[in-house]
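One file, data29.pdb, is given below (PDB, C-alpha atoms).
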```
ATOM      1  CA  MET O1131       0.000   0.000   0.000
ATOM      2  CA  LEU O1132       3.029   2.289  -0.246
ATOM      3  CA  VAL O1133       2.029   4.034  -3.481
ATOM      4  CA  PRO O1134      -1.479   5.197  -2.392
ATOM      5  CA  ALA O1135      -0.230   6.011   1.131
ATOM      6  CA  PHE O1136       2.702   8.104  -0.098
ATOM      7  CA  GLY O1137       0.511   9.810  -2.707
ATOM      8  CA  LEU O1138      -1.925  10.874   0.004
ATOM      9  CA  LEU O1139       0.858  11.888   2.411
ATOM     10  CA  LEU O1140       2.570  14.014  -0.235
ATOM     11  CA  PHE O1141      -0.688  15.875  -0.838
ATOM     12  CA  LEU O1142      -1.336  16.288   2.900
ATOM     13  CA  PHE O1143       2.139  17.738   3.363
ATOM     14  CA  ALA O1144       1.584  20.209   0.511
ATOM     15  CA  PHE O1145      -1.841  21.051   1.951
ATOM     16  CA  ALA O1146      -0.266  21.726   5.363
ATOM     17  CA  LEU O1147       2.156  24.203   3.758
ATOM     18  CA  HIS O1148      -0.754  25.854   1.921
ATOM     19  CA  TRP O1149      -2.706  26.092   5.196
ATOM     20  CA  ALA O1150       0.273  27.614   7.038
ATOM     21  CA  TRP O1151       0.968  30.119   4.223
ATOM     22  CA  TRP O1152      -2.659  31.238   3.976
ATOM     23  CA  ARG O1153      -2.982  31.553   7.785
ATOM     24  CA  TRP O1154       0.217  33.623   7.854
ATOM     25  CA  ARG O1155      -0.485  35.881   4.871
ATOM     26  CA  ARG O1156      -2.951  35.133   2.087
ATOM     27  CA  PRO O1157      -1.316  35.814  -1.328
ATOM     28  CA  GLN O1158      -2.926  38.174  -3.865
ATOM     29  CA  ALA O1159      -2.897  35.805  -6.846
ATOM     30  CA  THR O1160      -4.314  32.874  -4.893
ATOM     31  CA  ALA O1161      -4.960  30.423  -7.738
ATOM     32  CA  THR O1162      -1.485  30.745  -9.265
ATOM     33  CA  SER O1163       0.198  30.624  -5.853
ATOM     34  CA  LEU O1164      -1.772  27.527  -4.861
ATOM     35  CA  ILE O1165      -0.954  25.619  -8.059
ATOM     36  CA  VAL O1166       2.754  26.505  -7.900
ATOM     37  CA  LEU O1167       2.960  25.614  -4.193
ATOM     38  CA  LEU O1168       1.249  22.229  -4.579
ATOM     39  CA  VAL O1169       3.228  21.157  -7.663
ATOM     40  CA  ILE O1170       6.627  22.249  -6.326
ATOM     41  CA  THR O1171       6.008  20.714  -2.897
ATOM     42  CA  VAL O1172       4.865  17.364  -4.277
ATOM     43  CA  VAL O1173       7.739  17.056  -6.773
ATOM     44  CA  ALA O1174      10.470  18.386  -4.469
ATOM     45  CA  THR O1175       9.340  16.284  -1.499
ATOM     46  CA  SER O1176       9.254  13.155  -3.666
ATOM     47  CA  GLY O1177      12.794  13.916  -4.815
ATOM     48  CA  ALA O1178      13.936  14.307  -1.222
ATOM     49  CA  LEU O1179      12.231  11.067  -0.150
ATOM     50  CA  MET O1180      13.735   9.186  -3.108
ATOM     51  CA  THR O1181      17.183  10.386  -2.054
ATOM     52  CA  ILE O1182      16.549   9.260   1.533
ATOM     53  CA  ALA O1183      15.337   5.840   0.334
ATOM     54  CA  ASN O1184      18.452   5.376  -1.793
ATOM     55  CA  THR O1185      21.047   6.683   0.653
ATOM     56  CA  ILE O1186      20.013   5.518   4.132
ATOM     57  CA  PRO O1187      20.772   1.810   4.567
ATOM     58  CA  GLY O1188      17.677  -0.240   5.398
ATOM     59  CA  ALA O1189      15.241   2.564   4.463
ATOM     60  CA  ALA O1190      14.297   1.255   0.994
ATOM     61  CA  PRO O1191      11.552  -1.229   2.103
ATOM     62  CA  PHE O1192       9.580   1.657   3.633
ATOM     63  CA  PHE O1193       9.379   3.613   0.370
ATOM     64  CA  PRO O1194       7.977   2.943  -3.135
ATOM     65  CA  ALA O1195      10.405   0.567  -4.828
ATOM     66  CA  GLU O1196      11.113   1.590  -8.407
ATOM     67  CA  ILE O1197      11.023   4.715 -10.528
ATOM     68  CA  GLY O1198       7.656   3.644 -11.987
ATOM     69  CA  GLU O1199       6.133   3.404  -8.502
ATOM     70  CA  TRP O1200       7.565   6.803  -7.554
ATOM     71  CA  CYS O1201       6.115   8.350 -10.697
ATOM     72  CA  GLN O1202       2.712   6.803  -9.965
ATOM     73  CA  THR O1203       2.928   8.215  -6.420
ATOM     74  CA  ILE O1204       3.663  11.689  -7.808
ATOM     75  CA  VAL O1205       0.834  11.432 -10.361
ATOM     76  CA  LEU O1206      -1.584  10.395  -7.590
ATOM     77  CA  ALA O1207      -0.482  13.287  -5.344
ATOM     78  CA  LEU O1208      -0.824  15.740  -8.242
ATOM     79  CA  ALA O1209      -4.257  14.309  -9.124
ATOM     80  CA  ILE O1210      -5.456  14.871  -5.535
ATOM     81  CA  SER O1211      -3.913  18.359  -5.663
ATOM     82  CA  ALA O1212      -5.745  19.116  -8.926
ATOM     83  CA  SER O1213      -9.016  18.058  -7.286
ATOM     84  CA  TYR O1214      -8.337  20.439  -4.432
ATOM     85  CA  VAL O1215      -7.403  23.285  -6.810
ATOM     86  CA  MET O1216     -10.745  22.813  -8.569
ATOM     87  CA  THR O1217     -12.588  22.929  -5.222
ATOM     88  CA  TYR O1218     -10.660  25.940  -3.944
ATOM     89  CA  PRO O1219     -12.666  28.678  -5.775
ATOM     90  CA  ALA O1220     -15.718  27.639  -3.735
ATOM     91  CA  VAL O1221     -13.619  28.082  -0.577
ATOM     92  CA  GLU O1222     -12.137  31.375  -1.683
ATOM     93  CA  VAL O1223     -15.284  33.103  -2.867
ATOM     94  CA  ASP O1224     -18.887  32.622  -1.872
ATOM     95  CA  SER O1225     -20.414  30.233  -4.363
ATOM     96  CA  PRO O1226     -23.813  31.687  -5.336
ATOM     97  CA  THR O1227     -25.331  28.203  -5.364
ATOM     98  CA  LEU O1228     -24.149  27.431  -1.833
ATOM     99  CA  VAL O1229     -25.209  30.861  -0.544
ATOM    100  CA  MET O1230     -28.644  30.409  -2.121
ATOM    101  CA  ILE O1231     -28.986  26.917  -0.631
ATOM    102  CA  ARG O1232     -28.137  28.296   2.837
ATOM    103  CA  LEU O1233     -30.701  31.102   2.448
ATOM    104  CA  ILE O1234     -33.347  28.657   1.263
ATOM    105  CA  ALA O1235     -32.496  26.180   4.071
ATOM    106  CA  ASN O1236     -32.789  28.987   6.642
ATOM    107  CA  GLY O1237     -36.405  29.400   5.515
ATOM    108  CA  GLY O1238     -37.199  25.949   6.925
ATOM    109  CA  ALA O1239     -40.084  23.886   5.578
ATOM    110  CA  GLU O1240     -41.904  27.047   4.442
ATOM    111  CA  GLY O1241     -38.914  28.101   2.325
ATOM    112  CA  ILE O1242     -38.377  31.671   1.172
ATOM    113  CA  GLU O1243     -39.846  34.016  -1.410
ATOM    114  CA  THR O1244     -37.893  33.929  -4.680
ATOM    115  CA  SER O1245     -37.802  37.731  -4.657
ATOM    116  CA  SER O1246     -35.834  37.731  -1.385
ATOM    117  CA  LEU O1247     -32.928  36.075  -3.224
ATOM    118  CA  TYR O1248     -32.796  39.007  -5.654
ATOM    119  CA  GLN O1249     -32.774  41.423  -2.709
ATOM    120  CA  SER O1250     -30.084  39.522  -0.745
ATOM    121  CA  LEU O1251     -27.626  38.917  -3.596
ATOM    122  CA  SER O1252     -26.500  42.126  -5.296
ATOM    123  CA  ASP O1253     -24.568  42.838  -8.506
ATOM    124  CA  ASP O1254     -21.586  43.924  -6.393
ATOM    125  CA  PHE O1255     -21.561  40.625  -4.496
ATOM    126  CA  LEU O1256     -22.240  38.291  -7.411
ATOM    127  CA  VAL O1257     -20.581  39.994 -10.377
ATOM    128  CA  MET O1258     -18.289  42.929  -9.572
ATOM    129  CA  ALA O1259     -16.466  41.013  -6.808
ATOM    130  CA  ARG O1260     -15.474  38.475  -9.471
ATOM    131  CA  VAL O1261     -14.215  41.270 -11.740
ATOM    132  CA  LYS O1262     -12.012  42.375  -8.841
ATOM    133  CA  ASP O1263     -10.719  38.789  -8.469
ATOM    134  CA  LEU O1264      -9.867  38.765 -12.186
ATOM    135  CA  CYS O1265      -7.874  41.975 -11.655
ATOM    136  CA  ASN O1266      -6.010  40.394  -8.705
ATOM    137  CA  GLU O1267      -5.235  37.292 -10.800
ATOM    138  CA  GLY O1268      -3.794  39.424 -13.612
ATOM    139  CA  MET O1269      -6.525  38.440 -16.098
ATOM    140  CA  VAL O1270      -8.072  41.915 -16.290
ATOM    141  CA  PHE O1271      -6.742  45.447 -15.739
ATOM    142  CA  GLN O1272      -8.612  48.684 -15.191
ATOM    143  CA  GLU O1273      -8.080  51.522 -17.678
ATOM    144  CA  GLY O1274     -10.032  54.542 -16.492
ATOM    145  CA  ASN O1275     -13.506  53.220 -15.810
ATOM    146  CA  ARG O1276     -13.123  50.298 -18.217
ATOM    147  CA  PHE O1277     -12.086  46.707 -17.538
ATOM    148  CA  VAL O1278      -9.774  45.291 -20.233
ATOM    149  CA  LEU O1279      -8.397  41.752 -20.665
ATOM    150  CA  THR O1280      -4.662  41.154 -20.258
ATOM    151  CA  GLY O1281      -2.770  38.657 -22.424
ATOM    152  CA  ARG O1282      -3.415  35.944 -19.797
ATOM    153  CA  GLY O1283      -7.097  36.789 -19.729
ATOM    154  CA  LYS O1284      -7.280  36.526 -23.527
ATOM    155  CA  ARG O1285      -5.568  33.127 -23.474
ATOM    156  CA  LEU O1286      -8.021  31.879 -20.832
ATOM    157  CA  ALA O1287     -10.966  33.107 -22.925
ATOM    158  CA  LEU O1288      -9.575  31.379 -26.043
ATOM    159  CA  VAL O1289      -9.163  28.064 -24.191
ATOM    160  CA  PHE O1290     -12.814  28.145 -23.100
ATOM    161  CA  PHE O1291     -13.999  29.351 -26.525
ATOM    162  CA  ALA O1292     -12.297  26.322 -28.043
ATOM    163  CA  TRP O1293     -13.563  23.890 -25.406
ATOM    164  CA  ARG O1294     -17.189  25.014 -25.550
ATOM    165  CA  LYS O1295     -17.029  24.921 -29.359
ATOM    166  CA  LEU O1296     -15.692  21.372 -29.215
ATOM    167  CA  LEU O1297     -18.635  20.410 -26.996
ATOM    168  CA  GLY O1298     -21.040  22.261 -29.287
ATOM    169  CA  LEU O1299     -22.409  24.320 -26.373
ATOM    170  CA  GLY O1300     -23.188  28.009 -25.828
ATOM    171  CA  TRP O1301     -22.089  30.190 -22.930
ATOM    172  CA  GLY O1302     -22.847  29.424 -19.334
ATOM    173  CA  GLY O1303     -22.404  31.471 -16.181
TER     174      GLY O1303
ATOM    175  CA  MET J 267      15.247   1.807 -14.928
ATOM    176  CA  THR J 268      12.851  -0.203 -17.010
ATOM    177  CA  LEU J 269       9.769   0.830 -18.924
ATOM    178  CA  ALA J 270       7.973  -2.190 -17.442
ATOM    179  CA  THR J 271       7.634  -0.325 -14.133
ATOM    180  CA  PHE J 272       5.390   2.135 -15.973
ATOM    181  CA  TRP J 273       2.779  -0.565 -16.802
ATOM    182  CA  TRP J 274       0.128   1.490 -14.919
ATOM    183  CA  LEU J 275       0.515   4.543 -17.146
ATOM    184  CA  PRO J 276      -1.217   3.272 -20.332
ATOM    185  CA  LEU J 277      -4.071   1.863 -18.201
ATOM    186  CA  ILE J 278      -4.882   5.173 -16.591
ATOM    187  CA  ALA J 279      -4.273   7.112 -19.818
ATOM    188  CA  VAL J 280      -6.685   4.885 -21.790
ATOM    189  CA  ALA J 281      -9.346   5.056 -19.024
ATOM    190  CA  CYS J 282      -9.162   8.863 -18.746
ATOM    191  CA  GLY J 283      -9.009   9.248 -22.537
ATOM    192  CA  SER J 284     -12.091   7.025 -22.894
ATOM    193  CA  GLN J 285     -13.979   9.187 -20.416
ATOM    194  CA  ILE J 286     -13.211  12.329 -22.435
ATOM    195  CA  VAL J 287     -14.069  10.746 -25.796
ATOM    196  CA  ILE J 288     -17.366   9.265 -24.528
ATOM    197  CA  GLN J 289     -18.381  12.540 -22.870
ATOM    198  CA  ILE J 290     -17.628  14.703 -25.915
ATOM    199  CA  ALA J 291     -19.283  12.250 -28.316
ATOM    200  CA  LEU J 292     -22.462  12.106 -26.202
ATOM    201  CA  VAL J 293     -22.824  15.844 -25.614
ATOM    202  CA  ARG J 294     -22.331  16.503 -29.319
ATOM    203  CA  ARG J 295     -24.751  13.720 -30.324
ATOM    204  CA  PHE J 296     -27.460  14.661 -27.785
ATOM    205  CA  PRO J 297     -26.994  18.389 -27.049
ATOM    206  CA  SER J 298     -30.582  18.824 -25.807
ATOM    207  CA  ARG J 299     -29.917  16.507 -22.847
ATOM    208  CA  GLY J 300     -27.321  18.962 -21.551
ATOM    209  CA  LEU J 301     -23.817  18.606 -20.247
ATOM    210  CA  TYR J 302     -24.239  16.666 -17.007
ATOM    211  CA  PRO J 303     -25.696  13.360 -18.285
ATOM    212  CA  SER J 304     -22.773  13.156 -20.737
ATOM    213  CA  ILE J 305     -20.282  13.692 -17.880
ATOM    214  CA  LEU J 306     -21.890  10.883 -15.872
ATOM    215  CA  ALA J 307     -21.888   8.555 -18.875
ATOM    216  CA  GLY J 308     -18.252   9.409 -19.602
ATOM    217  CA  PHE J 309     -17.324   8.650 -16.001
ATOM    218  CA  ILE J 310     -19.066   5.252 -16.062
ATOM    219  CA  GLY J 311     -17.586   4.370 -19.473
ATOM    220  CA  GLY J 312     -14.049   5.292 -18.415
ATOM    221  CA  LEU J 313     -14.440   3.368 -15.160
ATOM    222  CA  ALA J 314     -15.591   0.288 -17.086
ATOM    223  CA  VAL J 315     -12.502   0.551 -19.313
ATOM    224  CA  LEU J 316     -10.255   0.876 -16.239
ATOM    225  CA  LEU J 317     -11.842  -2.166 -14.562
ATOM    226  CA  ILE J 318     -11.436  -4.285 -17.716
ATOM    227  CA  LEU J 319      -7.773  -3.266 -18.029
ATOM    228  CA  THR J 320      -7.257  -3.899 -14.303
ATOM    229  CA  GLY J 321      -8.621  -7.429 -14.813
ATOM    230  CA  ILE J 322      -6.108  -8.043 -17.628
ATOM    231  CA  TRP J 323      -3.190  -6.730 -15.509
ATOM    232  CA  PHE J 324      -4.494  -8.212 -12.232
ATOM    233  CA  HIS J 325      -1.174  -9.991 -11.515
ATOM    234  CA  ARG J 326       0.366  -6.556 -10.778
ATOM    235  CA  PRO J 327       0.442  -5.243  -7.163
ATOM    236  CA  ILE J 328      -3.030  -4.452  -5.792
ATOM    237  CA  ALA J 329      -1.731  -1.231  -4.181
ATOM    238  CA  GLN J 330      -0.878   0.132  -7.621
ATOM    239  CA  HIS J 331      -4.350  -0.758  -8.899
ATOM    240  CA  ILE J 332      -5.805   1.146  -5.925
ATOM    241  CA  ALA J 333      -3.545   4.100  -6.792
ATOM    242  CA  ASN J 334      -4.776   3.937 -10.402
ATOM    243  CA  LEU J 335      -8.386   4.001  -9.182
ATOM    244  CA  GLY J 336      -7.544   7.004  -6.996
ATOM    245  CA  ILE J 337      -5.964   8.799  -9.969
ATOM    246  CA  TYR J 338      -9.030   8.014 -12.094
ATOM    247  CA  LEU J 339     -11.466   9.308  -9.457
ATOM    248  CA  CYS J 340      -9.441  12.513  -8.981
ATOM    249  CA  PHE J 341      -9.206  12.977 -12.745
ATOM    250  CA  SER J 342     -12.982  12.522 -13.048
ATOM    251  CA  TYR J 343     -13.640  15.071 -10.309
ATOM    252  CA  THR J 344     -11.232  17.551 -11.930
ATOM    253  CA  TYR J 345     -12.730  16.945 -15.368
ATOM    254  CA  PHE J 346     -16.234  17.495 -13.981
ATOM    255  CA  HIS J 347     -15.141  20.838 -12.522
ATOM    256  CA  TRP J 348     -13.359  21.781 -15.748
ATOM    257  CA  ASN J 349     -16.628  21.277 -17.646
ATOM    258  CA  ASN J 350     -18.582  22.926 -14.865
ATOM    259  CA  MET J 351     -16.368  26.018 -15.069
ATOM    260  CA  GLY J 352     -17.492  26.612 -18.649
ATOM    261  CA  GLU J 353     -21.079  26.045 -17.532
ATOM    262  CA  THR J 354     -21.295  27.953 -14.232
ATOM    263  CA  ALA J 355     -18.117  29.932 -13.439
ATOM    264  CA  ARG J 356     -18.804  33.653 -13.275
ATOM    265  CA  ARG J 357     -15.158  34.551 -13.901
ATOM    266  CA  ILE J 358     -15.059  32.554 -17.149
ATOM    267  CA  ARG J 359     -18.322  34.157 -18.306
ATOM    268  CA  LEU J 360     -16.933  37.625 -17.503
ATOM    269  CA  VAL J 361     -13.653  36.961 -19.321
ATOM    270  CA  ILE J 362     -15.622  35.852 -22.375
ATOM    271  CA  GLU J 363     -17.903  38.917 -22.232
ATOM    272  CA  ILE J 364     -14.911  41.301 -22.006
ATOM    273  CA  PHE J 365     -13.019  39.365 -24.706
ATOM    274  CA  ASP J 366     -15.489  40.560 -27.344
ATOM    275  CA  HIS J 367     -14.568  44.228 -26.692
ATOM    276  CA  ILE J 368     -11.040  45.373 -27.478
ATOM    277  CA  THR J 369     -11.470  48.595 -25.449
ATOM    278  CA  GLY J 370     -12.933  46.676 -22.525
ATOM    279  CA  LEU J 371     -16.230  47.161 -20.723
ATOM    280  CA  SER J 372     -17.357  49.620 -18.066
ATOM    281  CA  ARG J 373     -19.294  48.527 -14.975
ATOM    282  CA  PRO J 374     -22.740  49.407 -16.469
ATOM    283  CA  GLU J 375     -21.798  47.627 -19.712
ATOM    284  CA  ILE J 376     -20.733  44.506 -17.814
ATOM    285  CA  LEU J 377     -23.934  44.506 -15.763
ATOM    286  CA  SER J 378     -26.112  44.976 -18.850
ATOM    287  CA  ARG J 379     -24.622  41.749 -20.261
ATOM    288  CA  TYR J 380     -24.320  39.706 -17.064
ATOM    289  CA  ASN J 381     -25.906  40.591 -13.746
ATOM    290  CA  SER J 382     -27.073  39.160 -10.429
ATOM    291  CA  ARG J 383     -30.552  38.451 -11.823
ATOM    292  CA  GLU J 384     -29.140  36.133 -14.498
ATOM    293  CA  VAL J 385     -26.759  34.479 -12.010
ATOM    294  CA  ILE J 386     -29.654  33.742  -9.611
ATOM    295  CA  ASP J 387     -32.139  32.630 -12.298
ATOM    296  CA  ARG J 388     -29.645  30.195 -13.844
ATOM    297  CA  ARG J 389     -28.959  28.640 -10.449
ATOM    298  CA  ILE J 390     -32.609  28.373  -9.453
ATOM    299  CA  HIS J 391     -33.239  26.595 -12.760
ATOM    300  CA  ARG J 392     -30.329  24.172 -12.184
ATOM    301  CA  LEU J 393     -31.279  23.482  -8.538
ATOM    302  CA  LEU J 394     -34.897  22.793  -9.516
ATOM    303  CA  LYS J 395     -33.830  20.585 -12.416
ATOM    304  CA  SER J 396     -31.477  18.553 -10.209
ATOM    305  CA  GLY J 397     -34.092  18.177  -7.446
ATOM    306  CA  GLN J 398     -32.090  20.076  -4.824
ATOM    307  CA  ILE J 399     -34.939  22.528  -4.198
ATOM    308  CA  ARG J 400     -38.644  22.643  -4.988
ATOM    309  CA  THR J 401     -41.026  25.435  -5.673
ATOM    310  CA  HIS J 402     -44.518  26.074  -4.325
ATOM    311  CA  GLY J 403     -46.036  29.202  -5.752
ATOM    312  CA  THR J 404     -43.449  31.940  -5.492
ATOM    313  CA  ARG J 405     -41.608  30.216  -2.628
ATOM    314  CA  LEU J 406     -38.549  27.983  -2.788
ATOM    315  CA  SER J 407     -37.690  25.317  -0.208
ATOM    316  CA  LEU J 408     -34.915  22.796   0.277
ATOM    317  CA  TRP J 409     -35.698  19.305  -0.978
ATOM    318  CA  ASN J 410     -32.366  17.452  -0.989
ATOM    319  CA  PRO J 411     -29.881  18.341   1.797
ATOM    320  CA  SER J 412     -26.747  17.080  -0.047
ATOM    321  CA  VAL J 413     -25.740  20.547  -1.305
ATOM    322  CA  LEU J 414     -26.367  21.950   2.184
ATOM    323  CA  LEU J 415     -23.912  19.365   3.548
ATOM    324  CA  MET J 416     -21.362  20.419   0.917
ATOM    325  CA  SER J 417     -21.958  24.024   1.958
ATOM    326  CA  THR J 418     -21.114  23.112   5.583
ATOM    327  CA  VAL J 419     -17.844  21.408   4.539
ATOM    328  CA  ILE J 420     -16.871  24.439   2.438
ATOM    329  CA  ALA J 421     -17.724  26.778   5.346
ATOM    330  CA  TRP J 422     -15.407  24.747   7.594
ATOM    331  CA  LEU J 423     -12.581  24.906   4.995
ATOM    332  CA  LYS J 424     -13.117  28.673   4.669
ATOM    333  CA  TRP J 425     -12.851  29.048   8.409
ATOM    334  CA  THR J 426      -9.702  26.924   8.732
ATOM    335  CA  LEU J 427      -7.990  28.906   5.944
ATOM    336  CA  ARG J 428      -9.200  32.160   7.491
ATOM    337  CA  GLU J 429     -11.169  33.008   4.367
ATOM    338  CA  SER J 430     -14.160  33.844   6.557
ATOM    339  CA  GLU J 431     -15.803  33.454   9.962
ATOM    340  CA  LEU J 432     -17.894  30.356  10.623
TER     341      LEU J 432
END
```
Write the structure described by the file as structure tokens, please.
Amino acid sequence: MLVPAFGLLLFLFAFALHWAWWRWRRPQATATSLIVLLVITVVATSGALMTIANTIPGAAPFFPAEIGEWCQTIVLALAISASYVMTYPAVEVDSPTLVMIRLIANGGAEGIETSSLYQSLSDDFLVMARVKDLCNEGMVFQEGNRFVLTGRGKRLALVFFAWRKLLGLGWGG
Amino acid sequence: MTLATFWWLPLIAVACGSQIVIQIALVRRFPSRGLYPSILAGFIGGLAVLLILTGIWFHRPIAQHIANLGIYLCFSYTYFHWNNMGETARRIRLVIEIFDHITGLSRPEILSRYNSREVIDRRIHRLLKSGQIRTHGTRLSLWNPSVLLMSTVIAWLKWTLRESEL
């Protein structure tokens, strides 16, 4: 069970560093920082553990055996990390769906009036806060009173244009 | 170093590739059924491929098969979110709206194209369609508590990362 165990431990170690960093000082570009931190930690820690396994006499049986097993361990840790990265936006910003579910749940069995959702959730909260996030992530910059895409923002848009076209679907949101 | 130690790689690559191919083929063939049924079908198809390949390579260590299953499940979750981003993410929608205008958009222009009303209406529609909530007259009430449970987990993660108060 060394490969799944080490894959999980590598992710947990990277997560612990992420937790400590965010508790200490949350970075501005959170998504980029999180991805870089998780990837570097997983790969560098695996390298360090491989060195330990190969240099300390008697340590080898407690670590994945061959290069193939190490690579599978790294892929597993990165796959768990990717899952976390995809979940993180819901942690970072208030997901409208989850906020709406909480508001509806607070109404009990009677529920709530649909109109109260429109009153509780404003344009600033649902839309303009995300524009600000895009500015922080370097996807958008403000020129006077206008919001303009940066090169990174354009590349992101093109990736999703291509993907949605491949699926034959229109725009969501 | 021998390539034989990488026996797991083609298995997981074929399973994940099958998921993508099945999902894309289904959503293109049956666009009216929407995105989510195709994602579920792709997941099941890819899992079936992985299980068949696991049966063929069953003489390999069980721990590595478990790791492969873990990789597949994480890939599926990530792929679901990737598709979901195009479907629900406000940031992606905003980037696409601004992309069409070389001089950018002002706040009123952004809100005339995409605003809180649309965000809320789309989500009410999805929650009703998926059976998470139900409607009686003009009122909405919770029907399935699974999303509420997810909301509690996310609230705990937010608190532990100091993103917000509990």
When the PyMOL selection byres ((chain O) within 7 of (chain J)) is applied to the file above, which residues end up in the set, as an NGL selection string? :O and (1131 or 1133-1134 or 1149 or 1152-1153 or 1196-1199 or 1206 or 1209-1210 or 1212-1213 or 1216 or 1221-1222 or 1227-1228 or 1231-1232 or 1234-1235 or 1239-1244 or 1248 or 1251-1253 or 1256-1257 or 1260 or 1264 or 1275-1279 or 1283-1284 or 1287 or 1290 or 1297-1298 or 1301-1303)
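One distance worth recording is that between CA of Phe1136 in chain O and CA of Thr1203 in chain O, which is 6.3 Å.
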Taking into account all atoms listed in the file, which residue in the set O:Ala1183, O:Ala1207, O:Ala1220, O:Val1169 is nearest to Leu1139 in chain O?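 Among the listed residues, O:Ala1207 lies closest to Leu1139 in chain O.
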For CA of Gly308 in chain J and CA of Val1289 in chain O, determine how far apart the two atoms are, in Å to one decimal place. 21.3 Å
First collect every listed atom of range 331-339 of chain J; then fit an axis-aligned box around them, widen it by 6 Å on each side, and give centre and edge lengths in Å to one decimal, as JSON.
```
{"center_x": -7.5, "center_y": 4.3, "center_z": -9.0, "size_x": 19.9, "size_y": 22.1, "size_z": 18.2}
```
Enter the distance from CA of Ile1204 in chain O to CA of Ile1170 in chain O, in Å, rounded to one decimal.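 Straight-line distance from CA of Ile1204 in chain O to CA of Ile1170 in chain O works out to 11.1 Å.
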Quick one: everything within 9 Å of Thr1171 in chain O, counting all atoms listed in the file, minus sequence neighbours fewer than 5 positions away in the same chain. Send it as a PyMOL selection string. chain O and resi 1140-1141+1143-1144+1147+1166+1176
Exactly which residues make up the result of the PyMOL selection byres ((chain O and resi 1157-1162) around 9) on this file, given as a PDB file with C-alpha atoms, in the coordinates of the input?
```pdb
ATOM      1  CA  TRP O1151       0.968  30.119   4.223  1.00  0.00           C
ATOM      2  CA  TRP O1152      -2.659  31.238   3.976  1.00  0.00           C
ATOM      3  CA  ARG O1155      -0.485  35.881   4.871  1.00  0.00           C
ATOM      4  CA  ARG O1156      -2.951  35.133   2.087  1.00  0.00           C
ATOM      5  CA  SER O1163       0.198  30.624  -5.853  1.00  0.00           C
ATOM      6  CA  LEU O1164      -1.772  27.527  -4.861  1.00  0.00           C
ATOM      7  CA  ILE O1165      -0.954  25.619  -8.059  1.00  0.00           C
ATOM      8  CA  VAL O1166       2.754  26.505  -7.900  1.00  0.00           C
ATOM      9  CA  LEU O1167       2.960  25.614  -4.193  1.00  0.00           C
ATOM     10  CA  VAL O1215      -7.403  23.285  -6.810  1.00  0.00           C
ATOM     11  CA  TYR O1218     -10.660  25.940  -3.944  1.00  0.00           C
ATOM     12  CA  PRO O1219     -12.666  28.678  -5.775  1.00  0.00           C
ATOM     13  CA  GLU O1222     -12.137  31.375  -1.683  1.00  0.00           C
ATOM     14  CA  ASP O1263     -10.719  38.789  -8.469  1.00  0.00           C
ATOM     15  CA  ASN O1266      -6.010  40.394  -8.705  1.00  0.00           C
ATOM     16  CA  GLU O1267      -5.235  37.292 -10.800  1.00  0.00           C
ATOM     17  CA  GLY O1268      -3.794  39.424 -13.612  1.00  0.00           C
TER      18      GLY O1268
END
```
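Nearest to Cys1201 in chain O of all the residues O:Ala1189, O:Gly1137, O:Ala1259, O:Pro1226 is O:Gly1137, based on all atoms listed in the file.
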Within 12 Å of file point (11.6, 3.4, 2.4), counting all atoms listed in the file, expressed as a PDB file with C-alpha atoms, keeping the file's coordinate frame:
```
ATOM      1  CA  LEU O1132       3.029   2.289  -0.246  1.00  0.00           C
ATOM      2  CA  VAL O1133       2.029   4.034  -3.481  1.00  0.00           C
ATOM      3  CA  PHE O1136       2.702   8.104  -0.098  1.00  0.00           C
ATOM      4  CA  SER O1176       9.254  13.155  -3.666  1.00  0.00           C
ATOM      5  CA  ALA O1178      13.936  14.307  -1.222  1.00  0.00           C
ATOM      6  CA  LEU O1179      12.231  11.067  -0.150  1.00  0.00           C
ATOM      7  CA  MET O1180      13.735   9.186  -3.108  1.00  0.00           C
ATOM      8  CA  THR O1181      17.183  10.386  -2.054  1.00  0.00           C
ATOM      9  CA  ILE O1182      16.549   9.260   1.533  1.00  0.00           C
ATOM     10  CA  ALA O1183      15.337   5.840   0.334  1.00  0.00           C
ATOM     11  CA  ASN O1184      18.452   5.376  -1.793  1.00  0.00           C
ATOM     12  CA  THR O1185      21.047   6.683   0.653  1.00  0.00           C
ATOM     13  CA  ILE O1186      20.013   5.518   4.132  1.00  0.00           C
ATOM     14  CA  PRO O1187      20.772   1.810   4.567  1.00  0.00           C
ATOM     15  CA  GLY O1188      17.677  -0.240   5.398  1.00  0.00           C
ATOM     16  CA  ALA O1189      15.241   2.564   4.463  1.00  0.00           C
ATOM     17  CA  ALA O1190      14.297   1.255   0.994  1.00  0.00           C
ATOM     18  CA  PRO O1191      11.552  -1.229   2.103  1.00  0.00           C
ATOM     19  CA  PHE O1192       9.580   1.657   3.633  1.00  0.00           C
ATOM     20  CA  PHE O1193       9.379   3.613   0.370  1.00  0.00           C
ATOM     21  CA  PRO O1194       7.977   2.943  -3.135  1.00  0.00           C
ATOM     22  CA  ALA O1195      10.405   0.567  -4.828  1.00  0.00           C
ATOM     23  CA  GLU O1196      11.113   1.590  -8.407  1.00  0.00           C
ATOM     24  CA  TRP O1200       7.565   6.803  -7.554  1.00  0.00           C
TER      25      TRP O1200
END
```
Counting only C-alpha atoms, figure out which residue out of J:Leu277, J:Ile310, J:Val287, J:Ile305 gets nearest to Trp323 in chain J. J:Leu277
